[in-house]
$ cat model.csv   # CSV, C-alpha atoms
chain,number,residue,atom,x,y,z
D,213,MET,CA,-13.9,-1.3,12.9
D,214,THR,CA,-13.2,-2.8,16.2
D,215,LEU,CA,-13.3,-6.6,16.8
D,216,VAL,CA,-15.6,-7.8,19.6
D,217,HIS,CA,-14.5,-11.3,20.5
D,218,HIS,CA,-16.7,-14.4,20.6
D,219,LEU,CA,-16.9,-15.9,24.1
D,220,SER,CA,-14.8,-18.9,23.0
D,221,PHE,CA,-11.7,-16.9,22.0
D,222,SER,CA,-8.4,-18.2,23.2
D,223,LEU,CA,-6.2,-16.4,25.7
D,224,PHE,CA,-3.5,-16.1,23.0
D,225,SER,CA,-5.9,-14.2,20.7
D,226,CYS,CA,-6.8,-11.8,23.5
D,227,LEU,CA,-3.2,-11.2,24.4
D,228,PHE,CA,-2.2,-10.7,20.7
D,229,LEU,CA,-4.8,-8.1,20.1
D,230,VAL,CA,-3.9,-6.2,23.3
D,231,LEU,CA,-0.2,-6.2,22.5
D,232,ALA,CA,-0.4,-5.8,18.7
D,233,PRO,CA,0.1,-2.0,18.6
D,234,THR,CA,3.4,-2.4,20.5
D,235,PHE,CA,4.4,-5.3,18.2
D,236,THR,CA,4.0,-3.2,15.1
D,237,ALA,CA,5.6,-0.1,16.5
D,238,SER,CA,8.9,-2.1,17.0
D,239,ASN,CA,9.3,-2.1,13.2
D,240,HIS,CA,10.1,1.6,13.1
D,241,VAL,CA,13.4,2.5,11.4
D,242,SER,CA,15.5,4.9,13.4
D,243,ASP,CA,17.1,6.6,10.4
D,244,PRO,CA,14.6,6.6,7.5
D,245,GLU,CA,17.0,8.5,5.3
D,246,LEU,CA,19.1,5.3,5.0
D,247,VAL,CA,16.1,3.5,3.5
D,248,VAL,CA,15.5,6.4,1.1
D,249,GLN,CA,19.1,6.2,0.0
D,250,GLU,CA,18.9,2.5,-0.5
D,251,VAL,CA,15.8,3.0,-2.7
D,252,ASN,CA,17.6,5.6,-4.8
D,253,GLU,CA,20.6,3.3,-5.2
D,254,LYS,CA,18.4,0.4,-6.4
D,255,ILE,CA,16.7,2.7,-8.9
D,256,ASN,CA,20.1,3.8,-10.1
D,257,ALA,CA,21.3,0.2,-10.4
D,258,SER,CA,18.3,-0.7,-12.5
D,259,ARG,CA,18.8,2.3,-14.7
D,260,ARG,CA,22.4,1.3,-15.3
D,261,ASN,CA,21.3,-2.2,-16.3
D,262,LEU,CA,18.9,-0.9,-19.0
D,263,GLY,CA,21.4,-1.7,-21.7
D,264,VAL,CA,22.1,-5.2,-20.3
D,265,LEU,CA,18.6,-6.4,-19.7
D,266,SER,CA,16.5,-6.6,-22.9
D,267,CYS,CA,13.4,-6.5,-20.8
D,268,GLY,CA,14.6,-4.0,-18.2
D,269,THR,CA,12.6,-0.9,-17.4
D,270,GLY,CA,14.7,0.9,-14.8
D,271,ASN,CA,12.1,-0.1,-12.2
D,272,PRO,CA,14.0,-2.2,-9.7
D,273,ILE,CA,11.0,-4.1,-8.4
D,274,ASP,CA,10.0,-5.3,-11.9
D,275,ASP,CA,13.5,-5.8,-13.1
D,276,CYS,CA,14.0,-8.2,-10.2
D,277,TRP,CA,11.5,-10.8,-11.4
D,278,ARG,CA,9.7,-9.9,-14.7
D,279,CYS,CA,12.5,-11.0,-17.0
D,280,ASP,CA,12.1,-14.6,-15.9
D,281,PRO,CA,9.9,-16.6,-18.4
D,282,LYS,CA,9.5,-19.2,-15.7
D,283,TRP,CA,8.1,-16.8,-13.2
D,284,GLU,CA,5.1,-19.2,-12.4
D,285,LYS,CA,7.6,-21.8,-11.2
D,286,ASN,CA,9.5,-19.2,-9.1
D,287,ARG,CA,6.5,-17.2,-7.8
D,288,GLN,CA,7.9,-16.8,-4.3
D,289,ARG,CA,11.0,-15.1,-5.6
D,290,LEU,CA,8.8,-12.0,-5.8
D,291,ALA,CA,9.1,-11.6,-2.0
D,292,ASP,CA,12.7,-10.7,-2.3
D,293,CYS,CA,12.0,-7.8,-4.8
D,294,ALA,CA,10.4,-5.2,-2.6
D,295,ILE,CA,12.1,-1.9,-1.8
D,296,GLY,CA,11.6,0.8,0.7
D,297,PHE,CA,10.1,0.6,4.1
D,298,GLY,CA,8.1,-2.5,3.3
D,299,LYS,CA,11.0,-4.4,1.8
D,300,HIS,CA,11.0,-7.0,4.6
D,301,ALA,CA,7.4,-8.1,3.9
D,302,ILE,CA,8.0,-11.7,2.9
D,303,GLY,CA,4.3,-12.7,2.9
D,304,GLY,CA,4.0,-16.4,2.4
D,305,ARG,CA,7.4,-16.9,0.9
D,306,ASP,CA,8.4,-19.7,3.3
D,307,GLY,CA,5.1,-21.5,3.1
D,308,ARG,CA,3.3,-23.8,0.6
D,309,ILE,CA,1.3,-22.7,-2.4
D,310,TYR,CA,-2.5,-22.6,-1.9
D,311,VAL,CA,-4.6,-22.6,-5.0
D,312,VAL,CA,-8.0,-20.8,-4.8
D,313,THR,CA,-10.4,-22.8,-6.9
D,314,ASP,CA,-13.7,-21.4,-5.7
D,315,SER,CA,-14.8,-17.7,-6.1
D,316,SER,CA,-17.7,-17.9,-3.7
D,317,ASP,CA,-17.8,-16.3,-0.2
D,318,LYS,CA,-21.0,-17.6,1.3
D,319,ASP,CA,-20.0,-17.9,5.0
D,320,ALA,CA,-17.6,-15.5,6.7
D,321,VAL,CA,-17.4,-17.7,9.8
D,322,ASN,CA,-17.0,-21.1,8.3
D,323,PRO,CA,-15.3,-20.5,4.9
D,324,LYS,CA,-15.2,-23.3,2.4
D,325,PRO,CA,-11.9,-24.8,1.6
D,326,GLY,CA,-10.6,-23.6,-1.8
D,327,THR,CA,-12.0,-20.1,-1.3
D,328,LEU,CA,-9.8,-17.0,-0.8
D,329,ARG,CA,-11.3,-16.5,2.7
D,330,HIS,CA,-10.3,-20.0,3.7
D,331,ALA,CA,-6.8,-19.3,2.5
D,332,VAL,CA,-6.1,-16.0,4.2
D,333,ILE,CA,-7.2,-17.0,7.7
D,334,GLN,CA,-4.9,-19.9,8.1
D,335,ASP,CA,-2.1,-19.8,10.7
D,336,GLU,CA,0.6,-21.1,8.5
D,337,PRO,CA,2.5,-19.0,5.9
D,338,LEU,CA,0.8,-19.4,2.5
D,339,TRP,CA,1.4,-18.2,-1.1
D,340,ILE,CA,-2.1,-17.9,-2.5
D,341,ILE,CA,-2.7,-18.1,-6.2
D,342,PHE,CA,-5.8,-18.6,-8.4
D,343,ALA,CA,-6.8,-21.5,-10.6
D,344,ARG,CA,-8.5,-19.3,-13.2
D,345,ASP,CA,-10.0,-15.9,-13.8
D,346,MET,CA,-12.3,-14.9,-11.0
D,347,VAL,CA,-14.6,-12.2,-9.7
D,348,ILE,CA,-14.9,-12.5,-6.0
D,349,LYS,CA,-17.7,-10.6,-4.2
D,350,LEU,CA,-16.8,-10.7,-0.5
D,351,LYS,CA,-19.7,-11.0,1.9
D,352,GLU,CA,-17.7,-9.4,4.7
D,353,GLU,CA,-14.2,-7.9,5.2
D,354,LEU,CA,-11.4,-10.3,4.2
D,355,MET,CA,-9.5,-10.6,7.5
D,356,MET,CA,-5.9,-11.4,6.7
D,357,ASN,CA,-3.8,-13.6,8.9
D,358,SER,CA,0.0,-13.0,9.1
D,359,PHE,CA,2.5,-14.3,6.5
D,360,LYS,CA,0.2,-14.4,3.5
D,361,THR,CA,0.7,-13.5,-0.1
D,362,ILE,CA,-2.3,-13.0,-2.5
D,363,ASP,CA,-0.7,-13.4,-5.9
D,364,GLY,CA,-3.0,-12.8,-8.9
D,365,ARG,CA,-0.4,-13.4,-11.6
D,366,GLY,CA,-1.6,-15.8,-14.3
D,367,ALA,CA,-5.3,-15.0,-13.9
D,368,SER,CA,-7.5,-12.0,-14.0
D,369,VAL,CA,-8.7,-11.7,-10.4
D,370,HIS,CA,-11.2,-9.0,-9.3
D,371,ILE,CA,-12.3,-8.4,-5.7
D,372,ALA,CA,-15.3,-6.2,-6.4
D,373,GLY,CA,-18.8,-5.3,-5.4
D,374,GLY,CA,-18.7,-6.3,-1.8
D,375,ALA,CA,-16.3,-5.9,1.2
D,376,CYS,CA,-12.6,-5.9,0.5
D,377,ILE,CA,-9.3,-6.5,2.3
D,378,THR,CA,-8.4,-5.7,6.0
D,379,VAL,CA,-4.9,-6.1,7.4
D,380,GLN,CA,-5.5,-5.7,11.1
D,381,TYR,CA,-2.8,-6.3,13.7
D,382,VAL,CA,-1.0,-8.7,11.5
D,383,THR,CA,2.4,-8.7,9.8
D,384,ASN,CA,4.1,-9.8,6.6
D,385,ILE,CA,1.4,-9.3,4.0
D,386,ILE,CA,2.0,-9.1,0.2
D,387,ILE,CA,-1.0,-8.2,-2.1
D,388,HIS,CA,0.1,-8.4,-5.7
D,389,GLY,CA,-1.6,-8.4,-9.1
D,390,ILE,CA,-5.3,-8.0,-8.0
D,391,ASN,CA,-8.0,-5.7,-9.4
D,392,ILE,CA,-9.8,-4.3,-6.3
D,393,HIS,CA,-12.7,-2.0,-7.0
D,394,ASP,CA,-16.3,-1.0,-6.1
D,395,CYS,CA,-15.7,-1.9,-2.4
D,396,LYS,CA,-18.7,-1.5,-0.1
D,397,ARG,CA,-19.2,-0.9,3.5
D,398,ARG,CA,-20.1,-4.0,5.3
D,399,GLY,CA,-20.1,-5.2,8.9
D,400,ASN,CA,-22.3,-5.8,12.0
D,401,ALA,CA,-21.6,-9.5,11.4
D,402,TYR,CA,-19.3,-12.3,12.7
D,403,VAL,CA,-16.2,-12.8,10.6
D,404,ARG,CA,-13.4,-15.4,11.1
D,405,ASP,CA,-9.8,-14.2,11.2
D,406,SER,CA,-8.0,-17.5,12.1
D,407,PRO,CA,-8.9,-21.2,12.3
D,408,SER,CA,-9.4,-20.8,16.1
D,409,HIS,CA,-11.1,-17.4,16.3
D,410,TYR,CA,-14.0,-15.4,14.9
D,411,GLY,CA,-15.4,-12.1,16.2
D,412,TRP,CA,-18.0,-9.5,15.7
D,413,ARG,CA,-17.1,-6.8,13.2
D,414,THR,CA,-18.7,-3.4,13.5
D,415,ALA,CA,-19.3,-1.4,10.3
D,416,SER,CA,-16.3,-1.2,7.9
D,417,ASP,CA,-15.3,1.9,6.0
D,418,GLY,CA,-15.3,0.4,2.5
D,419,ASP,CA,-11.6,0.7,1.8
D,420,ALA,CA,-10.0,-1.4,-1.0
D,421,VAL,CA,-7.1,-2.2,1.4
D,422,SER,CA,-7.4,-1.2,5.0
D,423,ILE,CA,-4.2,-1.5,7.1
D,424,PHE,CA,-5.0,-1.2,10.8
D,425,GLY,CA,-2.0,-1.6,13.2
D,426,GLY,CA,-0.3,-3.7,10.5
D,427,SER,CA,3.4,-4.0,9.7
D,428,HIS,CA,5.6,-5.2,6.9
D,429,VAL,CA,2.9,-4.8,4.2
D,430,TRP,CA,3.6,-4.6,0.5
D,431,VAL,CA,0.8,-3.7,-2.0
D,432,ASP,CA,2.2,-4.0,-5.6
D,433,HIS,CA,0.8,-4.0,-9.1
D,434,CYS,CA,-2.8,-3.8,-8.1
D,435,SER,CA,-5.5,-1.8,-10.0
D,436,LEU,CA,-7.6,0.1,-7.5
D,437,SER,CA,-10.7,2.2,-8.1
D,438,ASN,CA,-14.1,3.5,-7.0
D,439,CYS,CA,-14.5,2.4,-3.4
D,440,ASP,CA,-16.7,3.7,-0.6
D,441,ASP,CA,-13.9,5.2,1.4
D,442,GLY,CA,-10.1,4.9,0.6
D,443,LEU,CA,-8.1,2.9,-1.9
D,444,VAL,CA,-5.3,2.2,0.5
D,445,ASP,CA,-5.6,3.5,4.1
D,446,ALA,CA,-3.0,2.8,6.8
D,447,ILE,CA,-3.8,3.9,10.4
D,448,ARG,CA,-3.5,3.0,14.1
D,449,GLY,CA,0.3,2.4,14.4
D,450,SER,CA,0.8,0.8,11.0
D,451,THR,CA,4.3,1.0,9.6
D,452,ALA,CA,6.9,-0.7,7.3
D,453,ILE,CA,4.8,-0.3,4.2
D,454,THR,CA,5.5,-0.1,0.5
D,455,ILE,CA,2.8,0.9,-2.0
D,456,SER,CA,4.2,0.4,-5.5
D,457,ASN,CA,3.4,-0.1,-9.1
D,458,ASN,CA,-0.4,0.4,-8.6
D,459,TYR,CA,-2.8,2.1,-11.0
D,460,LEU,CA,-5.3,4.2,-9.1
D,461,THR,CA,-8.3,5.7,-10.8
D,462,HIS,CA,-11.9,7.1,-10.3
D,463,HIS,CA,-11.9,7.8,-6.6
D,464,ASN,CA,-12.2,10.8,-4.2
D,465,LYS,CA,-10.1,10.2,-1.1
D,466,VAL,CA,-7.4,8.0,-2.5
D,467,MET,CA,-4.9,7.2,0.3
D,468,LEU,CA,-5.0,8.1,4.0
D,469,LEU,CA,-1.8,7.5,6.0
D,470,GLY,CA,-2.3,8.3,9.7
D,471,HIS,CA,-5.4,7.9,11.9
D,472,SER,CA,-5.9,11.4,13.3
D,473,ASP,CA,-3.8,14.4,14.4
D,474,SER,CA,-4.2,13.3,18.0
D,475,TYR,CA,-3.1,9.7,17.5
D,476,THR,CA,0.6,10.2,18.1
D,477,ARG,CA,1.5,6.5,17.7
D,478,ASP,CA,1.5,7.1,14.0
D,479,LYS,CA,4.7,9.1,14.5
D,480,ASN,CA,6.3,5.6,13.9
D,481,MET,CA,4.6,5.3,10.5
D,482,GLN,CA,7.0,4.9,7.6
D,483,VAL,CA,5.7,4.4,4.0
D,484,THR,CA,7.3,4.2,0.6
D,485,ILE,CA,5.1,5.2,-2.3
D,486,ALA,CA,6.9,4.3,-5.6
D,487,PHE,CA,6.2,3.8,-9.3
D,488,ASN,CA,2.4,4.3,-9.0
D,489,HIS,CA,0.2,5.9,-11.6
D,490,PHE,CA,-2.3,8.2,-10.1
D,491,GLY,CA,-4.7,8.3,-13.0
D,492,GLU,CA,-8.1,9.6,-14.3
D,493,GLY,CA,-10.9,10.5,-12.0
D,494,LEU,CA,-8.9,11.1,-8.8
D,495,VAL,CA,-9.7,14.0,-6.5
D,496,GLN,CA,-7.4,14.2,-3.5
D,497,ARG,CA,-5.2,12.4,-0.9
D,498,MET,CA,-2.4,10.9,-3.0
D,499,PRO,CA,-1.5,10.6,-0.1
D,500,ARG,CA,-2.9,12.5,2.8
D,501,CYS,CA,-0.3,12.0,5.6
D,502,ARG,CA,-0.1,12.5,9.4
D,503,HIS,CA,2.9,12.3,11.8
D,504,GLY,CA,5.2,9.8,10.1
D,505,TYR,CA,7.8,9.7,7.3
D,506,PHE,CA,6.7,9.3,3.7
D,507,HIS,CA,9.0,8.8,0.7
D,508,VAL,CA,7.1,9.6,-2.5
D,509,VAL,CA,9.4,8.6,-5.4
D,510,ASN,CA,9.0,8.2,-9.2
D,511,ASN,CA,5.2,8.3,-9.3
D,512,ASP,CA,3.2,9.6,-12.3
D,513,TYR,CA,0.4,12.1,-11.2
D,514,THR,CA,-1.7,12.7,-14.4
D,515,HIS,CA,-5.0,13.7,-12.7
D,516,TRP,CA,-6.2,15.4,-9.6
D,517,GLN,CA,-9.1,17.7,-9.0
D,518,MET,CA,-8.2,19.3,-5.6
D,519,TYR,CA,-4.6,18.5,-4.7
D,520,ALA,CA,-2.1,15.6,-4.9
D,521,ILE,CA,-0.1,15.4,-1.6
D,522,GLY,CA,-1.4,16.7,1.7
D,523,GLY,CA,-1.1,16.3,5.4
D,524,SER,CA,-1.4,17.5,8.9
D,525,ALA,CA,0.3,16.9,12.3
D,526,ALA,CA,3.8,17.7,11.0
D,527,PRO,CA,4.6,14.6,8.8
D,528,THR,CA,7.9,14.4,6.9
D,529,ILE,CA,7.2,14.2,3.1
D,530,ASN,CA,10.2,13.6,0.8
D,531,SER,CA,9.0,13.9,-2.8
D,532,GLN,CA,11.6,12.8,-5.4
D,533,GLY,CA,11.5,12.4,-9.1
D,534,ASN,CA,7.8,12.4,-9.6
D,535,ARG,CA,5.9,13.9,-12.5
D,536,PHE,CA,3.0,16.2,-11.6
D,537,LEU,CA,0.5,17.2,-14.4
D,538,ALA,CA,-1.8,19.9,-12.9
D,539,PRO,CA,-5.5,20.1,-13.9
D,540,ASN,CA,-6.6,22.9,-16.2
D,541,ASP,CA,-8.5,24.7,-13.4
D,542,HIS,CA,-6.1,27.5,-12.2
D,543,VAL,CA,-7.4,27.2,-8.6
D,544,PHE,CA,-6.0,23.6,-8.2
D,545,LYS,CA,-2.5,23.8,-9.6
D,546,GLU,CA,-0.8,23.3,-6.3
D,547,VAL,CA,0.5,19.8,-5.6
D,548,THR,CA,0.5,20.2,-1.9
D,549,LYS,CA,-2.1,21.0,0.8
D,550,TYR,CA,-1.2,21.8,4.3
D,551,GLU,CA,-4.2,21.0,6.5
D,552,ASP,CA,-5.4,22.0,9.9
D,553,ALA,CA,-2.5,24.3,10.7
D,554,PRO,CA,-1.6,28.0,10.1
D,555,GLN,CA,1.4,28.8,8.0
D,556,SER,CA,3.3,29.8,11.2
D,557,LYS,CA,3.2,26.2,12.1
D,558,TRP,CA,3.4,24.3,8.8
D,559,LYS,CA,6.4,26.3,7.6
D,560,ASN,CA,8.5,24.3,10.1
D,561,TRP,CA,7.3,20.9,8.8
D,562,ASN,CA,9.6,18.9,6.5
D,563,TRP,CA,8.1,18.8,3.1
D,564,ARG,CA,10.6,18.8,0.2
D,565,SER,CA,10.6,18.3,-3.5
D,566,GLU,CA,13.7,17.2,-5.4
D,567,GLY,CA,14.0,16.4,-9.0
D,568,ASP,CA,10.2,16.5,-9.5
D,569,LEU,CA,8.8,17.5,-12.9
D,570,PHE,CA,5.9,20.1,-12.8
D,571,LEU,CA,3.7,20.4,-15.9
D,572,ASN,CA,0.7,22.6,-16.8
D,573,GLY,CA,1.5,25.0,-14.0
D,574,ALA,CA,1.8,22.5,-11.2
D,575,PHE,CA,3.8,23.7,-8.2
D,576,PHE,CA,5.0,22.3,-4.8
D,577,THR,CA,5.1,24.4,-1.7
D,578,PRO,CA,8.0,23.2,0.4
D,579,SER,CA,8.5,23.7,4.1
D,580,GLY,CA,11.2,23.2,6.7
D,581,GLY,CA,13.8,25.6,5.4
D,582,ARG,CA,15.5,25.8,8.7
D,583,ALA,CA,16.3,22.2,8.4
D,584,SER,CA,16.0,19.6,11.1
D,585,SER,CA,18.7,16.9,10.9
D,586,SER,CA,16.4,14.6,9.0
D,587,TYR,CA,15.5,17.4,6.5
D,588,ALA,CA,19.2,18.1,6.0
D,589,LYS,CA,19.9,14.4,5.3
D,590,ALA,CA,17.0,14.1,2.9
D,591,SER,CA,18.1,17.2,0.9
D,592,SER,CA,21.6,15.7,0.5
D,593,LEU,CA,20.3,12.7,-1.4
D,594,SER,CA,20.3,12.9,-5.2
D,595,ALA,CA,16.8,12.7,-6.6
D,596,ARG,CA,16.0,10.2,-9.3
D,597,PRO,CA,15.3,11.9,-12.6
D,598,SER,CA,11.6,12.4,-13.3
D,599,SER,CA,12.4,11.6,-17.0
D,600,LEU,CA,12.3,8.0,-15.9
D,601,VAL,CA,8.7,8.1,-14.7
D,602,ALA,CA,7.1,7.1,-18.0
D,603,SER,CA,9.2,3.9,-18.2
D,604,VAL,CA,9.0,2.9,-14.5
D,605,THR,CA,5.2,3.4,-14.3
D,606,GLY,CA,4.2,2.4,-17.8
D,607,ASN,CA,3.1,-1.1,-16.5
D,608,ALA,CA,1.4,0.1,-13.3
D,609,GLY,CA,-1.6,-1.9,-12.1
D,610,ALA,CA,-2.4,-5.6,-12.4
D,611,LEU,CA,-0.3,-7.2,-15.1
D,612,SER,CA,-1.5,-9.6,-17.7
D,613,CYS,CA,0.9,-12.5,-17.0
D,614,ARG,CA,0.7,-15.8,-19.0
D,615,LYS,CA,2.6,-18.9,-18.1
D,616,GLY,CA,5.6,-19.7,-20.2
D,617,SER,CA,6.4,-16.1,-21.1
D,618,ARG,CA,7.8,-13.0,-19.5
D,619,CYS,CA,5.2,-11.2,-17.4
$ encode --input "model.csv" --output "C-alpha cells"
Amino acid sequence: MTLVHHLSFSLFSCLFLVLAPTFTASNHVSDPELVVQEVNEKINASRRNLGVLSCGTGNPIDDCWRCDPKWEKNRQRLADCAIGFGKHAIGGRDGRIYVVTDSSDKDAVNPKPGTLRHAVIQDEPLWIIFARDMVIKLKEELMMNSFKTIDGRGASVHIAGGACITVQYVTNIIIHGINIHDCKRRGNAYVRDSPSHYGWRTASDGDAVSIFGGSHVWVDHCSLSNCDDGLVDAIRGSTAITISNNYLTHHNKVMLLGHSDSYTRDKNMQVTIAFNHFGEGLVQRMPRCRHGYFHVVNNDYTHWQMYAIGGSAAPTINSQGNRFLAPNDHVFKEVTKYEDAPQSKWKNWNWRSEGDLFLNGAFFTPSGGRASSSYAKASSLSARPSSLVASVTGNAGALSCRKGSRC
C-alpha cells in the first residue's frame, strides 16, 4: 500500500508524507469519555424532540438535517451534523460544489474533468455531488485529497467492481450516501493523488474504505458489502473517526481498526461506531480493534457467524445500547472475542457493556473489573436504551433522497 514517488514530486509532497503520521496523531482527544458523554447527550436530546419533530427518529445525525425539504440547497449543512470522535470532519463544507457528470475512470494519472477521480484529487475544499445515477468502476484506488465530501444524495451512486476509496495521510473527509461494494485488489500502477503529484501504488487490499494515517473522517449512510478485504479499515495512526448509519452486509472481515499489535501509534486511535446495521451475511470483525478507544453505541447486530466485537493489544471498548441477535449455532453466541492474549492478560483490558440488549442467547464477556480511571468514567455514563435501536438504525445505508422533499 505504500506510495513510491515519481521523480518529479515536489518537496512539499515529500515533507507532507514524512510528517503525516505526526500530523494525524495530534488529533487525539485526551479524555475520550467527554466525547462519549456528548454523544449520549445528543442522543437524549433527539429522543426528547421526538414529540416535536414530526420527522424525528431519535437519531441525532439524521434529525440534524433530514427534516429539511430543501436539503439539496443546503447540502453543506450536513457537515455540522456529525457526532463522536469524527465530529470535526468538515469535508468540503467551506468549498464550492463540484458536480460529477462522467462515470468513467480511464486514466488514473490524468483524470478527465467531470469524473469523481478528478474531483477528489483537487487541492481546494470541494463538496462533490452527482448529476445522475451512476455506477463507477474505478481502475485504481481513488486517492482522496484533504477537505473533500463525496455526497451521493439525490442519485443512486455505486462504486463497484473495481478498486475503491483510500484515505491516506489526509484529513477532513466525509463519505455520505454511496453504495460501495464488490471492491477488488488493484495496484502496481501509477495513480494521481493531487494536481501536482502522482506516484506508484503497490497492490491494494481491496477495502471499500481504507483509512491509512487519516484523521477527521466521517463515513455516513453508506451501503457496504462484498469486498476483497475489509469494508471499513482504519490503520497506521488514523484517528478522529465516526462510522455511522451504514448498512453492512455479505462480508467476512467487516471492520479492522488498528494496524497490528506491535504498531503502538494506534494507541491514539479513537473511533465512534453509531447507528449502523450489521446485517445479513456477515462473519466477524464488527469491529476488530487494537490499542485505541472505541465507542460502539446504538448499533443493530442482526447477523454474525463467528463473533461481533473483538480485539487485541488492550483496546478500550465501550459498548452502549446496542442490540445483539446471536446466530442459532450455540458455539457462536458470544458477542466478544479476545484475541492473541491469555485470560490472565485480557481480564485487565477495558471492555464493558451497558444497556445492551442480548437476544437468542447472545452474551458479552466484559473485562477490566478492577477499573482504570477511564473504565470508571465510562461506567458512570448512562447508556442509551437499546429499545431505540430499531428507530435509529431503520434507515441505515444509502438513502433514497429526491429533490424537493424530505430525505
$ atom_distance --input "model.csv" --atom1 "CA of Lys465 in chain D" --atom2 "CA of Asn488 in chain D"
15.9 Å
$ closest_residue --input "model.csv" --among "D:Lys254, D:His433, D:Lys360, D:Arg344" --to "Cys619 in chain D" --atoms "all atoms listed in the file"
D:His433
$ closest_residue --input "model.csv" --among "D:Lys549, D:His300, D:His240, D:Arg413" --to "Gln380 in chain D" --atoms "all atoms listed in the file"
D:Arg413
$ closest_residue --input "model.csv" --among "D:Ser612, D:Ser531, D:Ser258, D:Ser524" --to "Ser472 in chain D" --atoms "all atoms listed in the file"
D:Ser524
$ residues_near_point --input "model.csv" --point "(-1.5, 3.4, -11.0)" --cutoff "10 Å" --atoms "only C-alpha atoms" --output "MDAnalysis selection string"
chainID D and resid 432:437 456:461 487:492 511:514 605:610
$ write_last_selection --input "model.csv" --atoms "C-alpha atoms" --output "PDB file, keeping the file's coordinate frame"
ATOM      1  CA  ASP D 432       2.200  -4.000  -5.600  1.00  0.00           C
ATOM      2  CA  HIS D 433       0.800  -4.000  -9.100  1.00  0.00           C
ATOM      3  CA  CYS D 434      -2.800  -3.800  -8.100  1.00  0.00           C
ATOM      4  CA  SER D 435      -5.500  -1.800 -10.000  1.00  0.00           C
ATOM      5  CA  LEU D 436      -7.600   0.100  -7.500  1.00  0.00           C
ATOM      6  CA  SER D 437     -10.700   2.200  -8.100  1.00  0.00           C
ATOM      7  CA  SER D 456       4.200   0.400  -5.500  1.00  0.00           C
ATOM      8  CA  ASN D 457       3.400  -0.100  -9.100  1.00  0.00           C
ATOM      9  CA  ASN D 458      -0.400   0.400  -8.600  1.00  0.00           C
ATOM     10  CA  TYR D 459      -2.800   2.100 -11.000  1.00  0.00           C
ATOM     11  CA  LEU D 460      -5.300   4.200  -9.100  1.00  0.00           C
ATOM     12  CA  THR D 461      -8.300   5.700 -10.800  1.00  0.00           C
ATOM     13  CA  PHE D 487       6.200   3.800  -9.300  1.00  0.00           C
ATOM     14  CA  ASN D 488       2.400   4.300  -9.000  1.00  0.00           C
ATOM     15  CA  HIS D 489       0.200   5.900 -11.600  1.00  0.00           C
ATOM     16  CA  PHE D 490      -2.300   8.200 -10.100  1.00  0.00           C
ATOM     17  CA  GLY D 491      -4.700   8.300 -13.000  1.00  0.00           C
ATOM     18  CA  GLU D 492      -8.100   9.600 -14.300  1.00  0.00           C
ATOM     19  CA  ASN D 511       5.200   8.300  -9.300  1.00  0.00           C
ATOM     20  CA  ASP D 512       3.200   9.600 -12.300  1.00  0.00           C
ATOM     21  CA  TYR D 513       0.400  12.100 -11.200  1.00  0.00           C
ATOM     22  CA  THR D 514      -1.700  12.700 -14.400  1.00  0.00           C
ATOM     23  CA  THR D 605       5.200   3.400 -14.300  1.00  0.00           C
ATOM     24  CA  GLY D 606       4.200   2.400 -17.800  1.00  0.00           C
ATOM     25  CA  ASN D 607       3.100  -1.100 -16.500  1.00  0.00           C
ATOM     26  CA  ALA D 608       1.400   0.100 -13.300  1.00  0.00           C
ATOM     27  CA  GLY D 609      -1.600  -1.900 -12.100  1.00  0.00           C
ATOM     28  CA  ALA D 610      -2.400  -5.600 -12.400  1.00  0.00           C
TER      29      ALA D 610
END
$ residues_around --input "model.csv" --residues "Gly270 in chain D" --least-positions-apart "4" --cutoff "10 Å" --atoms "all atoms listed in the file" --output "list in words"
Lys254, Ile255, Asn256, Ala257, Ser258, Arg259, Arg260, Asn261, Leu262, Gly263, Leu265, Asp274, Asp275, Leu600, Val601, Ser603, Val604 and Thr605 of chain D
$ write_last_selection --input "model.csv" --atoms "C-alpha atoms" --output "mmCIF file, in the frame of the given file"
data_model
loop_
_atom_site.group_PDB
_atom_site.id
_atom_site.type_symbol
_atom_site.label_atom_id
_atom_site.label_comp_id
_atom_site.auth_asym_id
_atom_site.auth_seq_id
_atom_site.Cartn_x
_atom_site.Cartn_y
_atom_site.Cartn_z
ATOM 1 C CA LYS D 254 18.400 0.400 -6.400
ATOM 2 C CA ILE D 255 16.700 2.700 -8.900
ATOM 3 C CA ASN D 256 20.100 3.800 -10.100
ATOM 4 C CA ALA D 257 21.300 0.200 -10.400
ATOM 5 C CA SER D 258 18.300 -0.700 -12.500
ATOM 6 C CA ARG D 259 18.800 2.300 -14.700
ATOM 7 C CA ARG D 260 22.400 1.300 -15.300
ATOM 8 C CA ASN D 261 21.300 -2.200 -16.300
ATOM 9 C CA LEU D 262 18.900 -0.900 -19.000
ATOM 10 C CA GLY D 263 21.400 -1.700 -21.700
ATOM 11 C CA LEU D 265 18.600 -6.400 -19.700
ATOM 12 C CA ASP D 274 10.000 -5.300 -11.900
ATOM 13 C CA ASP D 275 13.500 -5.800 -13.100
ATOM 14 C CA LEU D 600 12.300 8.000 -15.900
ATOM 15 C CA VAL D 601 8.700 8.100 -14.700
ATOM 16 C CA SER D 603 9.200 3.900 -18.200
ATOM 17 C CA VAL D 604 9.000 2.900 -14.500
ATOM 18 C CA THR D 605 5.200 3.400 -14.300
#
$ closest_residue --input "model.csv" --among "D:Ser315, D:Thr327, D:Thr454, D:Gln334" --to "Val347 in chain D" --atoms "only C-alpha atoms"
D:Ser315
$ closest_residue --input "model.csv" --among "D:Trp430, D:Phe359, D:Trp516, D:Trp339" --to "Val543 in chain D" --atoms "all atoms listed in the file"
D:Trp516
$ atom_distance --input "model.csv" --atom1 "CA of Ala526 in chain D" --atom2 "CA of Asp445 in chain D"
18.4 Å
$ residues_around --input "model.csv" --residues "Ile453 in chain D" --least-positions-apart "6" --cutoff "8 Å" --atoms "all atoms listed in the file" --output "ChimeraX atom specification"
/D:296-299,427-430,482-484
$ write_last_selection --input "model.csv" --atoms "C-alpha atoms" --output "compact mmCIF listing (two decimals), in the frame of the given file"
# COMPACT_ATOMS: atom_id res chain seq x y z
CA GLY D 296 11.60 0.80 0.70
CA PHE D 297 10.10 0.60 4.10
CA GLY D 298 8.10 -2.50 3.30
CA LYS D 299 11.00 -4.40 1.80
CA SER D 427 3.40 -4.00 9.70
CA HIS D 428 5.60 -5.20 6.90
CA VAL D 429 2.90 -4.80 4.20
CA TRP D 430 3.60 -4.60 0.50
CA GLN D 482 7.00 4.90 7.60
CA VAL D 483 5.70 4.40 4.00
CA THR D 484 7.30 4.20 0.60
